$ cat protein.cif   # mmCIF, C-alpha atoms, pLDDT in the B column; chains and numbers go by the auth columns
data_input
#
loop_
_atom_site.group_PDB
_atom_site.id
_atom_site.type_symbol
_atom_site.label_atom_id
_atom_site.label_comp_id
_atom_site.label_asym_id
_atom_site.label_seq_id
_atom_site.Cartn_x
_atom_site.Cartn_y
_atom_site.Cartn_z
_atom_site.B_iso_or_equiv
_atom_site.auth_seq_id
_atom_site.auth_asym_id
ATOM 1 C CA MET A 1 -32.441 16.003 5.208 75.00 1 Q
ATOM 2 C CA LYS A 2 -30.061 15.192 2.360 89.00 2 Q
ATOM 3 C CA ILE A 3 -28.796 11.603 2.248 93.00 3 Q
ATOM 4 C CA LEU A 4 -25.575 10.872 0.388 92.00 4 Q
ATOM 5 C CA THR A 5 -25.912 7.787 -1.828 95.00 5 Q
ATOM 6 C CA SER A 6 -23.310 8.010 -4.607 96.00 6 Q
ATOM 7 C CA ARG A 7 -20.017 6.136 -4.573 96.00 7 Q
ATOM 8 C CA ALA A 8 -18.701 8.750 -6.999 97.00 8 Q
ATOM 9 C CA ASN A 9 -18.972 11.473 -4.361 96.00 9 Q
ATOM 10 C CA PRO A 10 -15.468 12.767 -3.421 96.00 10 Q
ATOM 11 C CA LEU A 11 -16.255 12.619 0.296 95.00 11 Q
ATOM 12 C CA ALA A 12 -17.415 8.999 0.033 96.00 12 Q
ATOM 13 C CA LYS A 13 -14.240 8.074 -1.844 96.00 13 Q
ATOM 14 C CA MET A 14 -12.062 9.795 0.748 94.00 14 Q
ATOM 15 C CA LEU A 15 -13.847 8.070 3.640 95.00 15 Q
ATOM 16 C CA ARG A 16 -13.461 4.672 1.996 96.00 16 Q
ATOM 17 C CA SER A 17 -9.737 5.292 1.520 94.00 17 Q
ATOM 18 C CA PHE A 18 -9.247 6.366 5.157 92.00 18 Q
ATOM 19 C CA ALA A 19 -11.318 3.414 6.389 93.00 19 Q
ATOM 20 C CA ARG A 20 -9.330 0.828 4.462 92.00 20 Q
ATOM 21 C CA GLU A 21 -5.827 2.240 4.083 90.00 21 Q
ATOM 22 C CA GLY A 22 -5.369 4.973 6.659 90.00 22 Q
ATOM 23 C CA ASP A 23 -4.067 8.452 5.973 88.00 23 Q
ATOM 24 C CA PRO A 24 -0.720 8.830 4.158 85.00 24 Q
ATOM 25 C CA GLY A 25 -0.394 12.170 5.927 85.00 25 Q
ATOM 26 C CA GLY A 26 -0.374 10.448 9.297 84.00 26 Q
ATOM 27 C CA ARG A 27 -2.956 12.615 11.072 90.00 27 Q
ATOM 28 C CA THR A 28 -6.506 11.592 10.057 92.00 28 Q
ATOM 29 C CA VAL A 29 -8.185 8.396 11.221 93.00 29 Q
ATOM 30 C CA PHE A 30 -11.545 6.813 10.405 95.00 30 Q
ATOM 31 C CA VAL A 31 -13.300 5.260 13.398 95.00 31 Q
ATOM 32 C CA GLU A 32 -16.506 3.230 13.555 96.00 32 Q
ATOM 33 C CA GLY A 33 -19.025 2.585 16.292 96.00 33 Q
ATOM 34 C CA VAL A 34 -20.398 4.551 19.216 96.00 34 Q
ATOM 35 C CA ARG A 35 -17.653 3.594 21.667 94.00 35 Q
ATOM 36 C CA LEU A 36 -14.680 4.755 19.608 94.00 36 Q
ATOM 37 C CA LEU A 37 -16.484 7.891 18.457 96.00 37 Q
ATOM 38 C CA ASP A 38 -17.347 8.756 22.047 96.00 38 Q
ATOM 39 C CA GLU A 39 -13.705 8.208 23.050 94.00 39 Q
ATOM 40 C CA ALA A 40 -12.629 10.622 20.322 95.00 40 Q
ATOM 41 C CA LEU A 41 -15.268 13.168 21.279 95.00 41 Q
ATOM 42 C CA VAL A 42 -14.200 13.340 24.928 94.00 42 Q
ATOM 43 C CA SER A 43 -10.432 13.172 24.307 93.00 43 Q
ATOM 44 C CA PRO A 44 -9.030 16.733 24.345 92.00 44 Q
ATOM 45 C CA GLN A 45 -5.900 15.656 22.458 90.00 45 Q
ATOM 46 C CA VAL A 46 -7.821 15.016 19.215 94.00 46 Q
ATOM 47 C CA ARG A 47 -10.678 16.550 17.247 95.00 47 Q
ATOM 48 C CA LEU A 48 -13.721 14.763 15.855 96.00 48 Q
ATOM 49 C CA ASN A 49 -14.451 16.767 12.726 94.00 49 Q
ATOM 50 C CA THR A 50 -16.958 14.637 10.759 96.00 50 Q
ATOM 51 C CA VAL A 51 -19.628 12.095 11.707 97.00 51 Q
ATOM 52 C CA VAL A 52 -21.160 9.821 9.083 97.00 52 Q
ATOM 53 C CA VAL A 53 -24.423 8.125 10.004 98.00 53 Q
ATOM 54 C CA THR A 54 -27.174 6.113 8.322 97.00 54 Q
ATOM 55 C CA GLU A 55 -30.851 6.914 8.838 94.00 55 Q
ATOM 56 C CA GLU A 56 -31.322 3.603 10.656 95.00 56 Q
ATOM 57 C CA ALA A 57 -28.466 4.288 13.066 95.00 57 Q
ATOM 58 C CA ALA A 58 -29.639 7.854 13.706 93.00 58 Q
ATOM 59 C CA GLY A 59 -32.952 6.415 14.871 94.00 59 Q
ATOM 60 C CA ARG A 60 -31.285 4.683 17.808 95.00 60 Q
ATOM 61 C CA ARG A 61 -30.930 6.583 21.100 95.00 61 Q
ATOM 62 C CA ARG A 62 -27.192 6.149 21.699 96.00 62 Q
ATOM 63 C CA GLU A 63 -26.303 7.023 18.125 96.00 63 Q
ATOM 64 C CA GLN A 64 -28.575 10.067 18.053 96.00 64 Q
ATOM 65 C CA ASP A 65 -27.168 11.295 21.353 97.00 65 Q
ATOM 66 C CA LEU A 66 -23.664 10.981 19.916 96.00 66 Q
ATOM 67 C CA VAL A 67 -24.710 12.824 16.755 97.00 67 Q
ATOM 68 C CA ASP A 68 -26.195 15.654 18.833 97.00 68 Q
ATOM 69 C CA ARG A 69 -23.095 16.007 21.015 97.00 69 Q
ATOM 70 C CA SER A 70 -20.834 15.864 17.981 97.00 70 Q
ATOM 71 C CA ARG A 71 -22.801 18.594 16.269 97.00 71 Q
ATOM 72 C CA GLU A 72 -22.571 20.752 19.407 96.00 72 Q
ATOM 73 C CA SER A 73 -18.803 20.274 19.437 96.00 73 Q
ATOM 74 C CA GLY A 74 -18.570 21.608 15.886 96.00 74 Q
ATOM 75 C CA ALA A 75 -18.368 18.356 13.932 97.00 75 Q
ATOM 76 C CA ARG A 76 -19.964 18.097 10.515 96.00 76 Q
ATOM 77 C CA ILE A 77 -22.809 15.560 10.322 97.00 77 Q
ATOM 78 C CA VAL A 78 -23.187 13.640 7.045 97.00 78 Q
ATOM 79 C CA HIS A 79 -26.147 11.329 6.464 97.00 79 Q
ATOM 80 C CA VAL A 80 -25.514 8.445 4.074 97.00 80 Q
ATOM 81 C CA SER A 81 -27.510 5.502 2.788 97.00 81 Q
ATOM 82 C CA ARG A 82 -27.024 2.094 4.371 96.00 82 Q
ATOM 83 C CA GLU A 83 -25.644 0.804 1.073 97.00 83 Q
ATOM 84 C CA LEU A 84 -23.061 3.571 0.809 97.00 84 Q
ATOM 85 C CA PHE A 85 -21.978 3.100 4.422 97.00 85 Q
ATOM 86 C CA ALA A 86 -21.444 -0.607 3.736 97.00 86 Q
ATOM 87 C CA TRP A 87 -19.302 0.329 0.716 97.00 87 Q
ATOM 88 C CA ILE A 88 -17.211 2.730 2.810 97.00 88 Q
ATOM 89 C CA SER A 89 -16.727 0.409 5.782 96.00 89 Q
ATOM 90 C CA PRO A 90 -14.362 -2.606 5.671 94.00 90 Q
ATOM 91 C CA LEU A 91 -16.239 -4.303 8.522 94.00 91 Q
ATOM 92 C CA PRO A 92 -18.445 -7.337 7.759 94.00 92 Q
ATOM 93 C CA SER A 93 -21.240 -5.851 9.915 94.00 93 Q
ATOM 94 C CA PRO A 94 -20.961 -2.047 9.670 95.00 94 Q
ATOM 95 C CA PRO A 95 -22.375 -0.228 12.716 96.00 95 Q
ATOM 96 C CA GLY A 96 -23.979 2.553 10.697 97.00 96 Q
ATOM 97 C CA ILE A 97 -22.085 5.369 12.406 98.00 97 Q
ATOM 98 C CA ALA A 98 -18.483 6.436 11.919 97.00 98 Q
ATOM 99 C CA GLY A 99 -16.324 9.507 12.035 96.00 99 Q
ATOM 100 C CA VAL A 100 -13.163 11.239 10.911 96.00 100 Q
ATOM 101 C CA VAL A 101 -10.792 12.196 13.710 96.00 101 Q
ATOM 102 C CA ASP A 102 -7.893 14.623 13.392 94.00 102 Q
ATOM 103 C CA LEU A 103 -4.944 13.480 15.531 93.00 103 Q
ATOM 104 C CA GLY A 104 -3.029 16.664 14.807 88.00 104 Q
ATOM 105 C CA GLU A 105 0.608 16.913 13.848 85.00 105 Q
ATOM 106 C CA GLU A 106 3.001 14.259 15.085 80.00 106 Q
ATOM 107 C CA ASP A 107 4.849 15.207 18.249 75.00 107 Q
ATOM 108 C CA GLY A 108 8.341 16.594 17.977 71.00 108 Q
ATOM 109 C CA GLU A 109 11.508 16.463 20.040 70.00 109 Q
ATOM 110 C CA ALA A 110 10.074 18.337 23.030 63.00 110 Q
ATOM 111 C CA ARG A 111 8.031 15.330 24.162 73.00 111 Q
ATOM 112 C CA LEU A 112 11.075 13.065 24.225 79.00 112 Q
ATOM 113 C CA GLU A 113 12.008 14.443 27.634 71.00 113 Q
ATOM 114 C CA GLU A 114 8.506 14.800 29.118 75.00 114 Q
ATOM 115 C CA GLY A 115 6.874 12.767 31.859 79.00 115 Q
ATOM 116 C CA ASP A 116 8.037 10.496 34.636 83.00 116 Q
ATOM 117 C CA GLY A 117 6.573 7.288 33.256 90.00 117 Q
ATOM 118 C CA PRO A 118 8.338 4.919 30.880 95.00 118 Q
ATOM 119 C CA ILE A 119 8.836 5.898 27.252 96.00 119 Q
ATOM 120 C CA LEU A 120 8.111 3.172 24.743 97.00 120 Q
ATOM 121 C CA VAL A 121 9.892 2.794 21.390 97.00 121 Q
ATOM 122 C CA LEU A 122 8.418 0.292 18.927 97.00 122 Q
ATOM 123 C CA ASP A 123 11.285 -0.603 16.637 97.00 123 Q
ATOM 124 C CA GLY A 124 9.874 -1.748 13.306 95.00 124 Q
ATOM 125 C CA VAL A 125 6.773 -3.382 14.843 96.00 125 Q
ATOM 126 C CA GLN A 126 4.500 -3.790 11.841 95.00 126 Q
ATOM 127 C CA ASP A 127 1.469 -5.758 13.012 95.00 127 Q
ATOM 128 C CA PRO A 128 -1.291 -3.167 13.591 95.00 128 Q
ATOM 129 C CA ALA A 129 -3.268 -5.339 16.018 96.00 129 Q
ATOM 130 C CA ASN A 130 -0.162 -5.806 18.167 96.00 130 Q
ATOM 131 C CA VAL A 131 0.573 -2.097 18.205 97.00 131 Q
ATOM 132 C CA GLY A 132 -3.040 -1.317 19.104 97.00 132 Q
ATOM 133 C CA MET A 133 -2.918 -3.752 22.023 97.00 133 Q
ATOM 134 C CA ILE A 134 0.437 -2.327 23.118 97.00 134 Q
ATOM 135 C CA LEU A 135 -1.115 1.146 23.228 97.00 135 Q
ATOM 136 C CA ARG A 136 -3.857 -0.124 25.538 97.00 136 Q
ATOM 137 C CA ALA A 137 -1.310 -1.716 27.858 97.00 137 Q
ATOM 138 C CA ALA A 138 0.888 1.387 27.696 97.00 138 Q
ATOM 139 C CA GLU A 139 -1.925 3.696 28.734 96.00 139 Q
ATOM 140 C CA ALA A 140 -2.954 1.366 31.557 96.00 140 Q
ATOM 141 C CA ALA A 141 0.660 1.252 32.791 96.00 141 Q
ATOM 142 C CA ASP A 142 1.028 5.061 32.736 94.00 142 Q
ATOM 143 C CA VAL A 143 3.547 5.277 29.890 95.00 143 Q
ATOM 144 C CA SER A 144 4.539 8.871 29.106 94.00 144 Q
ATOM 145 C CA SER A 145 4.823 8.521 25.317 93.00 145 Q
ATOM 146 C CA VAL A 146 5.036 5.973 22.521 96.00 146 Q
ATOM 147 C CA TRP A 147 7.283 6.296 19.473 96.00 147 Q
ATOM 148 C CA LEU A 148 7.429 4.392 16.187 96.00 148 Q
ATOM 149 C CA THR A 149 10.671 3.905 14.298 95.00 149 Q
ATOM 150 C CA ALA A 150 10.975 3.791 10.528 89.00 150 Q
ATOM 151 C CA GLY A 151 9.428 0.585 9.267 90.00 151 Q
ATOM 152 C CA ALA A 152 6.818 0.386 12.019 94.00 152 Q
ATOM 153 C CA VAL A 153 3.110 0.434 11.154 94.00 153 Q
ATOM 154 C CA ASP A 154 1.481 3.806 10.508 93.00 154 Q
ATOM 155 C CA ARG A 155 -0.575 5.122 13.405 93.00 155 Q
ATOM 156 C CA THR A 156 -3.606 5.695 11.146 92.00 156 Q
ATOM 157 C CA ASN A 157 -3.881 2.010 10.216 92.00 157 Q
ATOM 158 C CA PRO A 158 -7.562 1.013 10.693 91.00 158 Q
ATOM 159 C CA LYS A 159 -6.736 -2.271 12.469 93.00 159 Q
ATOM 160 C CA LEU A 160 -4.455 -0.444 14.893 95.00 160 Q
ATOM 161 C CA ILE A 161 -7.220 2.049 15.656 94.00 161 Q
ATOM 162 C CA ARG A 162 -9.755 -0.665 16.471 93.00 162 Q
ATOM 163 C CA ALA A 163 -7.302 -2.689 18.576 95.00 163 Q
ATOM 164 C CA SER A 164 -6.283 0.365 20.616 95.00 164 Q
ATOM 165 C CA ALA A 165 -9.880 0.839 21.855 93.00 165 Q
ATOM 166 C CA GLY A 166 -9.378 4.597 22.205 94.00 166 Q
ATOM 167 C CA SER A 167 -5.853 4.615 23.692 96.00 167 Q
ATOM 168 C CA LEU A 168 -4.555 5.930 20.365 95.00 168 Q
ATOM 169 C CA PHE A 169 -6.386 9.219 20.961 95.00 169 Q
ATOM 170 C CA ARG A 170 -4.660 9.848 24.274 94.00 170 Q
ATOM 171 C CA LEU A 171 -1.155 8.496 23.669 93.00 171 Q
ATOM 172 C CA LYS A 172 -0.939 9.621 20.021 92.00 172 Q
ATOM 173 C CA PRO A 173 2.182 7.674 18.984 94.00 173 Q
ATOM 174 C CA SER A 174 4.525 9.542 16.656 92.00 174 Q
ATOM 175 C CA ARG A 175 7.498 8.780 14.440 93.00 175 Q
ATOM 176 C CA LEU A 176 10.724 8.863 16.395 94.00 176 Q
ATOM 177 C CA PRO A 177 12.659 11.987 15.369 91.00 177 Q
ATOM 178 C CA PRO A 178 16.394 11.973 14.605 88.00 178 Q
ATOM 179 C CA GLY A 179 18.612 12.482 17.606 88.00 179 Q
ATOM 180 C CA ALA A 180 16.158 10.842 19.998 91.00 180 Q
ATOM 181 C CA VAL A 181 18.842 8.968 21.907 92.00 181 Q
ATOM 182 C CA LYS A 182 20.571 12.256 22.746 90.00 182 Q
ATOM 183 C CA HIS A 183 17.346 13.558 24.268 89.00 183 Q
ATOM 184 C CA PHE A 184 16.805 10.371 26.240 91.00 184 Q
ATOM 185 C CA ARG A 185 20.317 10.594 27.649 90.00 185 Q
ATOM 186 C CA ALA A 186 19.879 14.289 28.485 88.00 186 Q
ATOM 187 C CA ALA A 187 16.758 13.425 30.467 88.00 187 Q
ATOM 188 C CA GLY A 188 18.684 10.789 32.421 89.00 188 Q
ATOM 189 C CA ARG A 189 16.768 7.846 31.041 93.00 189 Q
ATOM 190 C CA ARG A 190 18.375 4.444 30.682 95.00 190 Q
ATOM 191 C CA ILE A 191 17.608 2.567 27.476 97.00 191 Q
ATOM 192 C CA ILE A 192 16.331 -0.965 28.010 97.00 192 Q
ATOM 193 C CA ALA A 193 16.069 -3.324 25.043 97.00 193 Q
ATOM 194 C CA ALA A 194 13.801 -6.376 25.274 95.00 194 Q
ATOM 195 C CA VAL A 195 15.602 -9.335 23.672 93.00 195 Q
ATOM 196 C CA ALA A 196 14.610 -12.967 23.205 88.00 196 Q
ATOM 197 C CA ALA A 197 17.602 -14.420 25.076 88.00 197 Q
ATOM 198 C CA GLY A 198 20.637 -13.467 27.090 90.00 198 Q
ATOM 199 C CA GLY A 199 19.178 -10.537 29.005 92.00 199 Q
ATOM 200 C CA GLU A 200 18.325 -9.910 32.637 93.00 200 Q
ATOM 201 C CA PRO A 201 14.880 -10.953 33.959 92.00 201 Q
ATOM 202 C CA PRO A 202 12.599 -7.949 34.641 90.00 202 Q
ATOM 203 C CA GLU A 203 12.549 -8.433 38.419 88.00 203 Q
ATOM 204 C CA ARG A 204 16.344 -7.911 38.472 91.00 204 Q
ATOM 205 C CA VAL A 205 16.203 -4.716 36.406 92.00 205 Q
ATOM 206 C CA PRO A 206 15.509 -1.442 38.279 91.00 206 Q
ATOM 207 C CA LEU A 207 12.362 -0.226 36.529 93.00 207 Q
ATOM 208 C CA GLY A 208 11.195 2.203 39.178 90.00 208 Q
ATOM 209 C CA GLU A 209 13.000 5.192 37.625 89.00 209 Q
ATOM 210 C CA PRO A 210 12.262 6.774 34.206 90.00 210 Q
ATOM 211 C CA PHE A 211 13.542 4.631 31.347 95.00 211 Q
ATOM 212 C CA VAL A 212 13.081 3.938 27.642 96.00 212 Q
ATOM 213 C CA LEU A 213 11.828 0.476 26.674 97.00 213 Q
ATOM 214 C CA VAL A 214 12.629 -0.651 23.124 98.00 214 Q
ATOM 215 C CA LEU A 215 10.580 -3.502 21.663 97.00 215 Q
ATOM 216 C CA GLY A 216 11.304 -5.045 18.276 95.00 216 Q
ATOM 217 C CA ALA A 217 9.148 -6.793 15.738 87.00 217 Q
ATOM 218 C CA GLU A 218 8.400 -10.462 16.266 79.00 218 Q
ATOM 219 C CA GLY A 219 10.915 -12.629 14.466 79.00 219 Q
ATOM 220 C CA ARG A 220 13.443 -9.857 13.784 84.00 220 Q
ATOM 221 C CA GLY A 221 13.572 -8.421 17.292 89.00 221 Q
ATOM 222 C CA VAL A 222 15.288 -5.191 18.274 93.00 222 Q
ATOM 223 C CA SER A 223 17.625 -3.853 15.600 93.00 223 Q
ATOM 224 C CA PRO A 224 21.406 -4.041 16.147 92.00 224 Q
ATOM 225 C CA THR A 225 21.493 -0.253 16.426 92.00 225 Q
ATOM 226 C CA TRP A 226 19.176 -0.236 19.425 93.00 226 Q
ATOM 227 C CA GLU A 227 20.895 -3.237 21.008 92.00 227 Q
ATOM 228 C CA LYS A 228 24.150 -1.295 20.813 92.00 228 Q
ATOM 229 C CA GLU A 229 22.566 1.780 22.388 93.00 229 Q
ATOM 230 C CA ALA A 230 20.934 -0.197 25.192 95.00 230 Q
ATOM 231 C CA ASP A 231 22.188 0.169 28.733 95.00 231 Q
ATOM 232 C CA VAL A 232 20.332 -2.980 29.744 95.00 232 Q
ATOM 233 C CA ARG A 233 19.147 -6.031 27.802 96.00 233 Q
ATOM 234 C CA LEU A 234 16.024 -7.589 29.309 96.00 234 Q
ATOM 235 C CA THR A 235 14.641 -11.088 28.656 93.00 235 Q
ATOM 236 C CA LEU A 236 11.441 -12.668 29.975 92.00 236 Q
ATOM 237 C CA PRO A 237 12.197 -16.087 31.498 89.00 237 Q
ATOM 238 C CA LEU A 238 10.026 -18.717 29.810 83.00 238 Q
ATOM 239 C CA GLU A 239 9.210 -22.270 30.806 81.00 239 Q
ATOM 240 C CA GLY A 240 8.484 -25.283 28.618 78.00 240 Q
ATOM 241 C CA SER A 241 9.162 -25.258 24.897 75.00 241 Q
ATOM 242 C CA VAL A 242 7.927 -21.699 24.292 75.00 242 Q
ATOM 243 C CA GLU A 243 10.722 -19.694 22.665 72.00 243 Q
ATOM 244 C CA SER A 244 9.130 -16.240 22.660 74.00 244 Q
ATOM 245 C CA LEU A 245 5.969 -14.313 23.461 80.00 245 Q
ATOM 246 C CA ASN A 246 3.808 -12.060 21.352 90.00 246 Q
ATOM 247 C CA VAL A 247 5.271 -8.535 21.416 94.00 247 Q
ATOM 248 C CA ALA A 248 2.084 -7.100 22.929 95.00 248 Q
ATOM 249 C CA VAL A 249 2.197 -9.656 25.753 94.00 249 Q
ATOM 250 C CA THR A 250 5.877 -8.888 26.301 94.00 250 Q
ATOM 251 C CA ALA A 251 5.125 -5.173 26.509 96.00 251 Q
ATOM 252 C CA GLY A 252 2.372 -5.756 29.045 96.00 252 Q
ATOM 253 C CA VAL A 253 4.510 -7.949 31.301 95.00 253 Q
ATOM 254 C CA ILE A 254 7.422 -5.499 31.385 96.00 254 Q
ATOM 255 C CA LEU A 255 5.329 -2.344 31.721 96.00 255 Q
ATOM 256 C CA PHE A 256 3.249 -3.713 34.578 95.00 256 Q
ATOM 257 C CA GLU A 257 6.378 -4.919 36.364 94.00 257 Q
ATOM 258 C CA ALA A 258 7.679 -1.369 35.985 94.00 258 Q
ATOM 259 C CA MET A 259 4.459 0.024 37.447 94.00 259 Q
ATOM 260 C CA ARG A 260 4.731 -2.406 40.377 94.00 260 Q
ATOM 261 C CA GLN A 261 8.258 -1.237 41.078 93.00 261 Q
ATOM 262 C CA ARG A 262 7.292 2.453 40.851 90.00 262 Q
ATOM 263 C CA ARG A 263 4.474 1.971 43.339 90.00 263 Q
ATOM 264 C CA LYS A 264 6.767 0.062 45.671 85.00 264 Q
ATOM 265 C CA ASN A 265 9.266 2.918 45.616 79.00 265 Q
ATOM 266 C CA ARG A 266 6.698 5.577 46.564 75.00 266 Q
#
$ encode --input "protein.cif" --output "structure tokens"
Amino acid sequence: MKILTSRANPLAKMLRSFAREGDPGGRTVFVEGVRLLDEALVSPQVRLNTVVVTEEAAGRRREQDLVDRSRESGARIVHVSRELFAWISPLPSPPGIAGVVDLGEEDGEARLEEGDGPILVLDGVQDPANVGMILRAAEAADVSSVWLTAGAVDRTNPKLIRASAGSLFRLKPSRLPPGAVKHFRAAGRRIIAAVAAGGEPPERVPLGEPFVLVLGAEGRGVSPTWEKEADVRLTLPLEGSVESLNVAVTAGVILFEAMRQRRKNR
């Protein structure tokens, strides 16, 4: 068995770049640990094409089982030294097993009108941990699709991948294409913008029918363009001296209120 040890190896350099910076092309992600790799392996929307493993990790039952299943699925298995894996990985305690996952091309206009669940637009949200947590909440609340506007974090950001805990592989957020509002209107979806103040509380907004929820970055909020397009402005009522909530918390509150209303209407 050949073990890769050199930092000068082109594959090692590429893996380190994906692990620390993401993929400029927007389709390849580097994931670490058995759980995320298993999520990628069983998710039909993505393809696990390479698994990188140390000799120590391959000697453990769960890791070896994952390696075997990955090989059967057609993935390439690359054995590396513990030292090289530590150089590739940005984590303080590397797990010894990682992989390269192909998300495929970003979705186009056709998906803008698909599904009965809410559609989520993240307008310039840049914090990767927040976006990852939003993806988890979105999947749990049966969101149909998630879209990122210009200025939002790239979907291959390593922190986003870890925070999403596998939801990235199933929701596969994409850049919002031009003319999206036209498609939303054609599908009969109202556009709801979450704003810090001056909007309706979620329990007074009909969220049982298909809609588009627009969330802005913390601090800046939803852009004036989206506020202008919005049919409804929604604000979470807050007590005490708290002025605003984390955008991931805001997303969870609104999306689960929407799910409650949908179930009530059935």
$ closest_residue --input "protein.cif" --among "Q:Phe184, Q:Trp147, Q:Trp226, Q:Phe256" --to "Leu207 of chain Q" --atoms "only C-alpha atoms"
Q:Phe256
$ resolve_selection --input "protein.cif" --expression "the PyMOL selection byres ((chain Q and resi 79) around 6)" --output "JSON list (two decimals) with C-alpha atoms, in the frame of the given file"
[["chain", "number", "residue", "atom", "x", "y", "z"],
["Q", 3, "ILE", "CA", -28.80, 11.60, 2.25],
["Q", 52, "VAL", "CA", -21.16, 9.82, 9.08],
["Q", 53, "VAL", "CA", -24.42, 8.12, 10.00],
["Q", 54, "THR", "CA", -27.17, 6.11, 8.32],
["Q", 78, "VAL", "CA", -23.19, 13.64, 7.04],
["Q", 80, "VAL", "CA", -25.51, 8.44, 4.07]]
$ resolve_selection --input "protein.cif" --expression "the PyMOL selection byres ((chain Q and resi 136-140) around 6)" --output "short mmCIF file (atom, residue, chain, number, x, y, z; two decimals) with C-alpha atoms, in the coordinates of the input"
data_model
loop_
_atom_site.label_atom_id
_atom_site.label_comp_id
_atom_site.auth_asym_id
_atom_site.auth_seq_id
_atom_site.Cartn_x
_atom_site.Cartn_y
_atom_site.Cartn_z
CA MET Q 133 -2.92 -3.75 22.02
CA ILE Q 134 0.44 -2.33 23.12
CA LEU Q 135 -1.12 1.15 23.23
CA ALA Q 141 0.66 1.25 32.79
CA ASP Q 142 1.03 5.06 32.74
CA VAL Q 143 3.55 5.28 29.89
CA SER Q 164 -6.28 0.36 20.62
CA SER Q 167 -5.85 4.62 23.69
CA GLY Q 252 2.37 -5.76 29.04
#
$ resolve_selection --input "protein.cif" --expression "the PyMOL selection byres ((chain Q and resi 233-246) around 9)" --output "list in words"
Asn130, Ile191, Ile192, Ala193, Ala194, Val195, Ala196, Ala197, Gly198, Gly199, Glu200, Pro201, Pro202, Val205, Glu218, Glu227, Ala230, Asp231, Val232, Val247, Ala248, Val249, Thr250, Ala251, Val253 and Ile254 of chain Q
$ closest_residue --input "protein.cif" --among "Q:Ala8, Q:Val51, Q:Leu255, Q:Val153" --to "Gly74 of chain Q" --atoms "only C-alpha atoms"
Q:Val51
$ closest_residue --input "protein.cif" --among "Q:Arg62, Q:Lys13, Q:Arg220, Q:Arg162" --to "Glu32 of chain Q" --atoms "only C-alpha atoms"
Q:Arg162
$ residues_around --input "protein.cif" --residues "Lys264 of chain Q" --least-positions-apart "2" --cutoff "12 Å" --atoms "all atoms listed in the file" --output "list in words"
Pro206, Leu207, Gly208, Glu209, Glu257, Ala258, Met259, Arg260, Gln261, Arg262 and Arg266 of chain Q
$ residues_around --input "protein.cif" --residues "Pro158 of chain Q" --least-positions-apart "2" --cutoff "10 Å" --atoms "all atoms listed in the file" --output "list in words"
Phe18, Ala19, Arg20, Glu21, Gly22, Asp23, Val29, Phe30, Val31, Glu32, Pro90, Pro128, Ala129, Gly132, Asp154, Arg155, Thr156, Leu160, Ile161, Arg162 and Ala163 of chain Q
$ axis_aligned_box --input "protein.cif" --around "segment 82-92 of chain Q" --padding-each-side "3 Å" --output "JSON"
{"center_x": -20.7, "center_y": -1.9, "center_z": 4.6, "size_x": 18.7, "size_y": 16.9, "size_z": 13.8}
$ closest_residue --input "protein.cif" --among "Q:Gly25, Q:Val100, Q:Pro118, Q:Ala186" --to "Leu213 of chain Q" --atoms "all atoms listed in the file"
Q:Pro118
$ closest_residue --input "protein.cif" --among "Q:Val222, Q:Ile119, Q:Val131, Q:Ala98" --to "Arg190 of chain Q" --atoms "all atoms listed in the file"
Q:Ile119
$ residues_around --input "protein.cif" --residues "Val46 of chain Q" --least-positions-apart "6" --cutoff "8 Å" --atoms "all atoms listed in the file" --output "number ranges by chain"
Q: 40, 101-104, 169-170
$ atom_distance --input "protein.cif" --atom1 "atom CA of Leu37 of chain Q" --atom2 "atom CA of Arg60 of chain Q"
15.2 Å
$ atom_distance --input "protein.cif" --atom1 "atom CA of Glu106 of chain Q" --atom2 "atom CA of Phe85 of chain Q"
29.4 Å
$ closest_residue --input "protein.cif" --among "Q:Arg35, Q:Val42, Q:Phe211, Q:Glu72" --to "Leu112 of chain Q" --atoms "all atoms listed in the file"
Q:Phe211
$ atom_distance --input "protein.cif" --atom1 "atom CA of Pro210 of chain Q" --atom2 "atom CA of Asp127 of chain Q"
26.9 Å
$ residues_around --input "protein.cif" --residues "Gly124 of chain Q" --least-positions-apart "4" --cutoff "9 Å" --atoms "only C-alpha atoms" --output "list in words"
Leu148, Thr149, Ala150, Gly151, Ala152, Val153, Leu215, Gly216, Ala217, Arg220, Gly221, Val222 and Ser223 of chain Q
